[in-house]
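Student: Shown below is the structure under consideration.
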Amino acid sequence: MTNVTVKRFTLSEYHHLGERKLSIYAEDGISNYWIFNLIDNWLEVYSESYRDSQGKFGYRLKRIVFPNESVVIPSFPDLSLDLSGVFPMQN
């Protein structure tokens, strides 16, 4: 079963807690972790959690999805999210 977590951060939380949350969610077995980055206007998709030889947890893959792209929703391969409806248009 695939777990998906979507979390909203403030700017200060993003820089301070972002990496820490990644480790915690990977340790908890969350296989897909998405951050809607409203600062840079993209979606950060983390997947394939792992534990290294020193016992630290993280994600093997990080994918950046831009506002003009779509992303398939884990566990629902027939559903996708069009990010143009999520992020504001850039001038």
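Here, A, B, ... name the chains of the structure tokens in the order displayed, residue numbers run from 1 inside each chain, and ligands are numbered from 1 in the same displayed order.
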Give me every strand (DSSP E or B) residue in chain A, going by DSSP on the backbone, as an NGL selection string.
Tutor: :A and (4-7 or 32-37 or 42-51 or 57-65 or 70-73 or 76-82)
Student: Take the residues that were just selected and, keeping N, CA and C atoms, output them as a short mmCIF file (atom, residue, chain, number, x, y, z; two decimals), in the first residue's frame.
Tutor:
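Heads up, here's the output in selection_23.cif:
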data_model
loop_
_atom_site.label_atom_id
_atom_site.label_comp_id
_atom_site.auth_asym_id
_atom_site.auth_seq_id
_atom_site.Cartn_x
_atom_site.Cartn_y
_atom_site.Cartn_z
N VAL A 4 0.63 8.50 1.04
CA VAL A 4 0.93 9.83 0.50
C VAL A 4 0.70 10.84 1.61
N THR A 5 1.64 11.74 1.79
CA THR A 5 1.49 12.81 2.77
C THR A 5 1.68 14.13 2.05
N VAL A 6 0.75 15.04 2.27
CA VAL A 6 0.85 16.39 1.72
C VAL A 6 0.89 17.33 2.91
N LYS A 7 1.89 18.20 2.97
CA LYS A 7 2.09 19.09 4.12
C LYS A 7 2.28 20.51 3.63
N ASN A 32 5.60 8.18 -0.37
CA ASN A 32 5.55 9.35 -1.25
C ASN A 32 5.28 10.58 -0.41
N TYR A 33 6.10 11.61 -0.58
CA TYR A 33 6.00 12.83 0.21
C TYR A 33 6.03 14.00 -0.76
N TRP A 34 4.98 14.81 -0.76
CA TRP A 34 4.89 15.93 -1.69
C TRP A 34 4.96 17.24 -0.94
N ILE A 35 5.72 18.18 -1.48
CA ILE A 35 5.75 19.54 -0.95
C ILE A 35 5.33 20.47 -2.09
N PHE A 36 4.23 21.17 -1.90
CA PHE A 36 3.80 22.19 -2.84
C PHE A 36 4.59 23.45 -2.50
N ASN A 37 5.62 23.70 -3.25
CA ASN A 37 6.54 24.80 -2.98
C ASN A 37 5.98 26.07 -3.62
N TRP A 42 6.57 25.16 -7.68
CA TRP A 42 6.67 23.81 -8.21
C TRP A 42 6.31 22.81 -7.12
N LEU A 43 6.11 21.59 -7.55
CA LEU A 43 5.82 20.49 -6.64
C LEU A 43 7.08 19.67 -6.48
N GLU A 44 7.46 19.41 -5.23
CA GLU A 44 8.59 18.53 -4.95
C GLU A 44 8.01 17.17 -4.56
N VAL A 45 8.38 16.14 -5.30
CA VAL A 45 7.88 14.79 -5.06
C VAL A 45 9.05 13.93 -4.59
N TYR A 46 8.96 13.44 -3.38
CA TYR A 46 9.98 12.55 -2.82
C TYR A 46 9.41 11.14 -2.77
N SER A 47 10.23 10.15 -3.18
CA SER A 47 9.76 8.77 -3.18
C SER A 47 10.91 7.81 -2.91
N GLU A 48 10.55 6.57 -2.65
CA GLU A 48 11.49 5.49 -2.34
C GLU A 48 12.28 5.77 -1.07
N SER A 49 11.58 5.68 0.05
CA SER A 49 12.25 5.89 1.33
C SER A 49 13.29 4.79 1.57
N TYR A 50 14.32 5.14 2.34
CA TYR A 50 15.40 4.19 2.63
C TYR A 50 15.97 4.48 4.01
N ARG A 51 16.75 3.53 4.48
CA ARG A 51 17.54 3.67 5.72
C ARG A 51 18.98 3.34 5.36
N PHE A 57 17.35 8.00 7.86
CA PHE A 57 16.30 7.78 6.87
C PHE A 57 16.23 8.94 5.90
N GLY A 58 15.79 8.64 4.70
CA GLY A 58 15.63 9.67 3.68
C GLY A 58 14.89 9.10 2.50
N TYR A 59 14.92 9.83 1.39
CA TYR A 59 14.28 9.42 0.14
C TYR A 59 15.32 9.37 -0.96
N ARG A 60 15.26 8.30 -1.75
CA ARG A 60 16.21 8.13 -2.85
C ARG A 60 15.94 9.09 -3.99
N LEU A 61 14.67 9.37 -4.25
CA LEU A 61 14.32 10.16 -5.42
C LEU A 61 13.64 11.47 -5.05
N LYS A 62 14.05 12.52 -5.72
CA LYS A 62 13.39 13.81 -5.62
C LYS A 62 13.08 14.25 -7.04
N ARG A 63 11.82 14.57 -7.27
CA ARG A 63 11.39 15.01 -8.61
C ARG A 63 10.74 16.38 -8.48
N ILE A 64 11.11 17.29 -9.36
CA ILE A 64 10.49 18.61 -9.41
C ILE A 64 9.47 18.59 -10.55
N VAL A 65 8.23 18.98 -10.24
CA VAL A 65 7.18 19.04 -11.24
C VAL A 65 6.75 20.50 -11.37
N SER A 70 1.72 17.79 -15.27
CA SER A 70 0.80 17.00 -14.46
C SER A 70 1.59 15.92 -13.75
N VAL A 71 1.05 15.43 -12.66
CA VAL A 71 1.69 14.36 -11.91
C VAL A 71 0.64 13.28 -11.61
N VAL A 72 1.04 12.02 -11.77
CA VAL A 72 0.15 10.91 -11.46
C VAL A 72 0.09 10.75 -9.96
N ILE A 73 -1.10 10.52 -9.44
CA ILE A 73 -1.30 10.39 -8.00
C ILE A 73 -0.99 8.95 -7.60
N PHE A 76 -3.28 5.67 -7.42
CA PHE A 76 -4.39 5.93 -8.32
C PHE A 76 -3.82 6.22 -9.72
N PRO A 77 -3.30 5.20 -10.40
CA PRO A 77 -2.59 5.43 -11.65
C PRO A 77 -3.45 6.05 -12.76
N ASP A 78 -4.75 6.01 -12.61
CA ASP A 78 -5.63 6.60 -13.62
C ASP A 78 -5.94 8.06 -13.32
N LEU A 79 -5.45 8.57 -12.19
CA LEU A 79 -5.71 9.96 -11.82
C LEU A 79 -4.42 10.77 -11.86
N SER A 80 -4.53 11.99 -12.36
CA SER A 80 -3.37 12.87 -12.35
C SER A 80 -3.82 14.25 -11.89
N LEU A 81 -2.87 15.01 -11.42
CA LEU A 81 -3.11 16.37 -10.95
C LEU A 81 -2.43 17.34 -11.90
N ASP A 82 -3.22 18.21 -12.53
CA ASP A 82 -2.70 19.24 -13.42
C ASP A 82 -2.28 20.42 -12.55
#
Student: Could you tell me, as a PyMOL selection string, which residues of chain A DSSP assigns to helix (DSSP H, G or I) when given the backbone?
Tutor: chain A and resi 11-27+83-85
Student: Output N, CA, C and O atoms of each residue in that selection to a file, as a PDB file, in the first residue's frame.
Tutor:
ATOM      1  N   LEU A  11       7.254  29.768   5.022  1.00  0.00           N
ATOM      2  CA  LEU A  11       8.609  29.918   4.498  1.00  0.00           C
ATOM      3  C   LEU A  11       9.654  29.506   5.527  1.00  0.00           C
ATOM      4  O   LEU A  11      10.577  28.749   5.235  1.00  0.00           O
ATOM      5  N   SER A  12       9.501  29.964   6.766  1.00  0.00           N
ATOM      6  CA  SER A  12      10.490  29.619   7.784  1.00  0.00           C
ATOM      7  C   SER A  12      10.450  28.128   8.115  1.00  0.00           C
ATOM      8  O   SER A  12      11.484  27.520   8.340  1.00  0.00           O
ATOM      9  N   GLU A  13       9.268  27.530   8.142  1.00  0.00           N
ATOM     10  CA  GLU A  13       9.157  26.087   8.396  1.00  0.00           C
ATOM     11  C   GLU A  13       9.800  25.292   7.271  1.00  0.00           C
ATOM     12  O   GLU A  13      10.440  24.273   7.517  1.00  0.00           O
ATOM     13  N   TYR A  14       9.604  25.741   6.049  1.00  0.00           N
ATOM     14  CA  TYR A  14      10.137  25.020   4.894  1.00  0.00           C
ATOM     15  C   TYR A  14      11.645  24.867   5.016  1.00  0.00           C
ATOM     16  O   TYR A  14      12.182  23.779   4.831  1.00  0.00           O
ATOM     17  N   HIS A  15      12.325  25.933   5.337  1.00  0.00           N
ATOM     18  CA  HIS A  15      13.790  25.873   5.435  1.00  0.00           C
ATOM     19  C   HIS A  15      14.251  25.166   6.708  1.00  0.00           C
ATOM     20  O   HIS A  15      15.243  24.459   6.702  1.00  0.00           O
ATOM     21  N   HIS A  16      13.522  25.334   7.791  1.00  0.00           N
ATOM     22  CA  HIS A  16      13.928  24.771   9.074  1.00  0.00           C
ATOM     23  C   HIS A  16      13.502  23.312   9.239  1.00  0.00           C
ATOM     24  O   HIS A  16      14.290  22.483   9.683  1.00  0.00           O
ATOM     25  N   LEU A  17      12.270  23.002   8.891  1.00  0.00           N
ATOM     26  CA  LEU A  17      11.728  21.671   9.164  1.00  0.00           C
ATOM     27  C   LEU A  17      11.700  20.738   7.969  1.00  0.00           C
ATOM     28  O   LEU A  17      11.532  19.531   8.134  1.00  0.00           O
ATOM     29  N   GLY A  18      11.835  21.279   6.774  1.00  0.00           N
ATOM     30  CA  GLY A  18      11.692  20.460   5.576  1.00  0.00           C
ATOM     31  C   GLY A  18      12.524  19.195   5.585  1.00  0.00           C
ATOM     32  O   GLY A  18      12.003  18.093   5.417  1.00  0.00           O
ATOM     33  N   GLU A  19      13.815  19.313   5.806  1.00  0.00           N
ATOM     34  CA  GLU A  19      14.691  18.140   5.808  1.00  0.00           C
ATOM     35  C   GLU A  19      14.391  17.210   6.984  1.00  0.00           C
ATOM     36  O   GLU A  19      14.443  15.999   6.857  1.00  0.00           O
ATOM     37  N   ARG A  20      14.080  17.796   8.126  1.00  0.00           N
ATOM     38  CA  ARG A  20      13.770  16.976   9.302  1.00  0.00           C
ATOM     39  C   ARG A  20      12.504  16.159   9.067  1.00  0.00           C
ATOM     40  O   ARG A  20      12.437  14.980   9.413  1.00  0.00           O
ATOM     41  N   LYS A  21      11.492  16.778   8.477  1.00  0.00           N
ATOM     42  CA  LYS A  21      10.244  16.071   8.188  1.00  0.00           C
ATOM     43  C   LYS A  21      10.481  14.947   7.188  1.00  0.00           C
ATOM     44  O   LYS A  21       9.893  13.879   7.306  1.00  0.00           O
ATOM     45  N   LEU A  22      11.342  15.193   6.211  1.00  0.00           N
ATOM     46  CA  LEU A  22      11.654  14.142   5.239  1.00  0.00           C
ATOM     47  C   LEU A  22      12.137  12.882   5.944  1.00  0.00           C
ATOM     48  O   LEU A  22      11.683  11.782   5.659  1.00  0.00           O
ATOM     49  N   SER A  23      13.051  13.050   6.862  1.00  0.00           N
ATOM     50  CA  SER A  23      13.599  11.917   7.592  1.00  0.00           C
ATOM     51  C   SER A  23      12.527  11.215   8.430  1.00  0.00           C
ATOM     52  O   SER A  23      12.445   9.986   8.450  1.00  0.00           O
ATOM     53  N   ILE A  24      11.709  11.997   9.105  1.00  0.00           N
ATOM     54  CA  ILE A  24      10.655  11.427   9.957  1.00  0.00           C
ATOM     55  C   ILE A  24       9.648  10.645   9.126  1.00  0.00           C
ATOM     56  O   ILE A  24       9.270   9.518   9.468  1.00  0.00           O
ATOM     57  N   TYR A  25       9.205  11.225   8.016  1.00  0.00           N
ATOM     58  CA  TYR A  25       8.221  10.545   7.172  1.00  0.00           C
ATOM     59  C   TYR A  25       8.811   9.298   6.533  1.00  0.00           C
ATOM     60  O   TYR A  25       8.143   8.276   6.415  1.00  0.00           O
ATOM     61  N   ALA A  26      10.082   9.351   6.119  1.00  0.00           N
ATOM     62  CA  ALA A  26      10.725   8.170   5.556  1.00  0.00           C
ATOM     63  C   ALA A  26      10.806   7.061   6.600  1.00  0.00           C
ATOM     64  O   ALA A  26      10.519   5.894   6.311  1.00  0.00           O
ATOM     65  N   GLU A  27      11.153   7.418   7.823  1.00  0.00           N
ATOM     66  CA  GLU A  27      11.233   6.427   8.899  1.00  0.00           C
ATOM     67  C   GLU A  27       9.867   5.818   9.195  1.00  0.00           C
ATOM     68  O   GLU A  27       9.758   4.634   9.507  1.00  0.00           O
ATOM     69  N   LEU A  83      -0.991  20.676 -12.480  1.00  0.00           N
ATOM     70  CA  LEU A  83      -0.481  21.705 -11.582  1.00  0.00           C
ATOM     71  C   LEU A  83      -0.794  23.129 -12.030  1.00  0.00           C
ATOM     72  O   LEU A  83      -0.668  24.052 -11.232  1.00  0.00           O
ATOM     73  N   SER A  84      -1.246  23.307 -13.253  1.00  0.00           N
ATOM     74  CA  SER A  84      -1.635  24.650 -13.684  1.00  0.00           C
ATOM     75  C   SER A  84      -2.847  25.149 -12.897  1.00  0.00           C
ATOM     76  O   SER A  84      -3.068  26.354 -12.804  1.00  0.00           O
ATOM     77  N   GLY A  85      -3.599  24.231 -12.310  1.00  0.00           N
ATOM     78  CA  GLY A  85      -4.727  24.610 -11.465  1.00  0.00           C
ATOM     79  C   GLY A  85      -4.342  24.828 -10.009  1.00  0.00           C
ATOM     80  O   GLY A  85      -5.168  25.230  -9.201  1.00  0.00           O
TER      81      GLY A  85
END
